[in-house]
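So the structure is just underneath, and the comments pick up after that.
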Amino acid sequence: MAPENEYRVTSPKVANLREEPSTKAGVLTQLRTGTIVHMDHVSGDWLFVSVNGWMHKSTVTVLKGE
């Protein structure tokens with residue numbers, strides 16, 4: 001079973017990895033659908049992930065049992 005802090009990017013095309021937890025923050029890079037990330041901490045609707053940036057939680061799904 002996958003740990004609760006492991007997520008898969010599920011955006012239709014790509015998910016933006018941002019400098020800050022805001023849609024107005026600069027984009028560091030884009031992660032492709034299917035990329036696995038590990039959440040370090042949460043700020044509202046934003047997850048700080050292992051690739052050192054922020055992703056909106058609507059762009060990922062927690063992995064369970066994969």
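We name chains A, B, ... following the order of the structure tokens; residues begin at 1 in each chain, and ligands are numbered from 1 as shown.
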As an NGL selection string, please: every residue in chain A that DSSP puts in strand (DSSP E or B). :A and (6-9 or 14-18 or 27-32 or 36-43 or 46-49 or 53-56 or 60-62)
Test item: residues at most 8 Å from A:His38, only C-alpha atoms, excluding those fewer than 2 positions along its chain, as a list of chain:residue names: A:Asn5, A:Glu6, A:Tyr7, A:Ile36, A:Asp40, A:Val49, A:Ser50
Residue selection dump (N, CA, C and O atoms) as a PDB file, in the first residue's frame:
ATOM      1  N   ASN A   5       1.362  10.160   1.832  1.00  0.00           N
ATOM      2  CA  ASN A   5       1.963  11.379   1.282  1.00  0.00           C
ATOM      3  C   ASN A   5       2.476  11.180  -0.139  1.00  0.00           C
ATOM      4  O   ASN A   5       3.169  12.019  -0.668  1.00  0.00           O
ATOM      5  N   GLU A   6       2.129  10.084  -0.787  1.00  0.00           N
ATOM      6  CA  GLU A   6       2.550   9.832  -2.155  1.00  0.00           C
ATOM      7  C   GLU A   6       1.381  10.133  -3.094  1.00  0.00           C
ATOM      8  O   GLU A   6       0.278   9.638  -2.905  1.00  0.00           O
ATOM      9  N   TYR A   7       1.635  10.961  -4.103  1.00  0.00           N
ATOM     10  CA  TYR A   7       0.595  11.410  -5.023  1.00  0.00           C
ATOM     11  C   TYR A   7       1.026  11.182  -6.464  1.00  0.00           C
ATOM     12  O   TYR A   7       2.205  11.217  -6.778  1.00  0.00           O
ATOM     13  N   ILE A  36       5.005  10.751 -10.135  1.00  0.00           N
ATOM     14  CA  ILE A  36       4.782  10.503  -8.713  1.00  0.00           C
ATOM     15  C   ILE A  36       5.555  11.555  -7.915  1.00  0.00           C
ATOM     16  O   ILE A  36       6.732  11.808  -8.183  1.00  0.00           O
ATOM     17  N   ASP A  40       5.357  17.051   1.242  1.00  0.00           N
ATOM     18  CA  ASP A  40       6.087  17.369   2.468  1.00  0.00           C
ATOM     19  C   ASP A  40       5.194  18.091   3.470  1.00  0.00           C
ATOM     20  O   ASP A  40       5.222  17.796   4.649  1.00  0.00           O
ATOM     21  N   VAL A  49       5.731  19.724  -2.495  1.00  0.00           N
ATOM     22  CA  VAL A  49       6.127  18.360  -2.852  1.00  0.00           C
ATOM     23  C   VAL A  49       7.635  18.204  -2.950  1.00  0.00           C
ATOM     24  O   VAL A  49       8.383  19.179  -2.972  1.00  0.00           O
ATOM     25  N   SER A  50       8.054  16.942  -3.031  1.00  0.00           N
ATOM     26  CA  SER A  50       9.458  16.557  -2.962  1.00  0.00           C
ATOM     27  C   SER A  50      10.343  17.165  -4.038  1.00  0.00           C
ATOM     28  O   SER A  50      11.550  17.161  -3.898  1.00  0.00           O
TER      29      SER A  50
END
Leaving out A:Thr61 and any residue of its chain fewer than 6 positions from it, which residues lie within 7 Å of it when counting only C-alpha atoms, given as a PyMOL selection string? chain A and resi 7-10
Quick one: residues within 10 Å of A:Val27, only C-alpha atoms, excluding same-chain residues fewer than 4 positions away - as a list in words?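 Near A:Val27, the qualifying residues are Ala15, Asn16, Leu17, Arg18, Glu19, Glu20, Thr23, Gly53, Trp54 and Met55 of chain A.
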Based on the selection just made, write N, CA, C and O atoms of those residues as an mmCIF file, in the first residue's frame.
data_model
loop_
_atom_site.group_PDB
_atom_site.id
_atom_site.type_symbol
_atom_site.label_atom_id
_atom_site.label_comp_id
_atom_site.auth_asym_id
_atom_site.auth_seq_id
_atom_site.Cartn_x
_atom_site.Cartn_y
_atom_site.Cartn_z
ATOM 1 N N ALA A 15 0.961 19.589 -14.863
ATOM 2 C CA ALA A 15 0.661 20.347 -13.644
ATOM 3 C C ALA A 15 1.817 21.305 -13.396
ATOM 4 O O ALA A 15 2.987 20.923 -13.507
ATOM 5 N N ASN A 16 1.495 22.540 -13.087
ATOM 6 C CA ASN A 16 2.532 23.533 -12.809
ATOM 7 C C ASN A 16 3.087 23.347 -11.404
ATOM 8 O O ASN A 16 2.335 23.191 -10.448
ATOM 9 N N LEU A 17 4.393 23.386 -11.286
ATOM 10 C CA LEU A 17 5.077 23.394 -10.004
ATOM 11 C C LEU A 17 5.468 24.849 -9.760
ATOM 12 O O LEU A 17 6.203 25.442 -10.553
ATOM 13 N N ARG A 18 4.957 25.444 -8.682
ATOM 14 C CA ARG A 18 5.084 26.882 -8.466
ATOM 15 C C ARG A 18 6.029 27.231 -7.322
ATOM 16 O O ARG A 18 6.262 26.432 -6.433
ATOM 17 N N GLU A 19 6.539 28.476 -7.370
ATOM 18 C CA GLU A 19 7.458 28.983 -6.348
ATOM 19 C C GLU A 19 6.776 29.166 -4.997
ATOM 20 O O GLU A 19 7.397 29.002 -3.958
ATOM 21 N N GLU A 20 5.512 29.550 -5.020
ATOM 22 C CA GLU A 20 4.719 29.833 -3.822
ATOM 23 C C GLU A 20 3.342 29.199 -3.992
ATOM 24 O O GLU A 20 2.932 28.901 -5.108
ATOM 25 N N THR A 23 -1.708 30.824 -7.535
ATOM 26 C CA THR A 23 -1.749 30.767 -9.002
ATOM 27 C C THR A 23 -1.011 31.941 -9.626
ATOM 28 O O THR A 23 -0.685 31.915 -10.806
ATOM 29 N N GLY A 53 8.606 22.495 -4.755
ATOM 30 C CA GLY A 53 7.695 23.501 -5.273
ATOM 31 C C GLY A 53 6.281 23.187 -4.840
ATOM 32 O O GLY A 53 6.022 22.172 -4.196
ATOM 33 N N TRP A 54 5.353 24.058 -5.194
ATOM 34 C CA TRP A 54 3.949 23.950 -4.780
ATOM 35 C C TRP A 54 3.080 23.488 -5.932
ATOM 36 O O TRP A 54 3.251 23.934 -7.062
ATOM 37 N N MET A 55 2.125 22.582 -5.635
ATOM 38 C CA MET A 55 1.150 22.111 -6.616
ATOM 39 C C MET A 55 -0.238 22.244 -6.012
ATOM 40 O O MET A 55 -0.422 21.960 -4.829
#
So which one's closest to A:Val51, A:Ser11, A:Ser22, A:Leu63, A:Thr29? Using only C-alpha atoms, please. A:Thr29
Nearest to A:Arg32 by atom-to-atom distance, counting only C-alpha atoms, from A:Thr59, A:Asp45, A:Val14, A:Asn52: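 Ranking A:Thr59, A:Asp45, A:Val14, A:Asn52 by distance to A:Arg32, first place goes to A:Val14.
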Pairwise distance for atom CA of A:Pro12 and atom CA of A:Gly34, rounded to one decimal in Å: 9.9 Å
Selected residue, from A:Ser58, A:Pro21, A:Gly26, A:Thr33, that lies nearest to A:Trp46 when counting only C-alpha atoms: A:Pro21
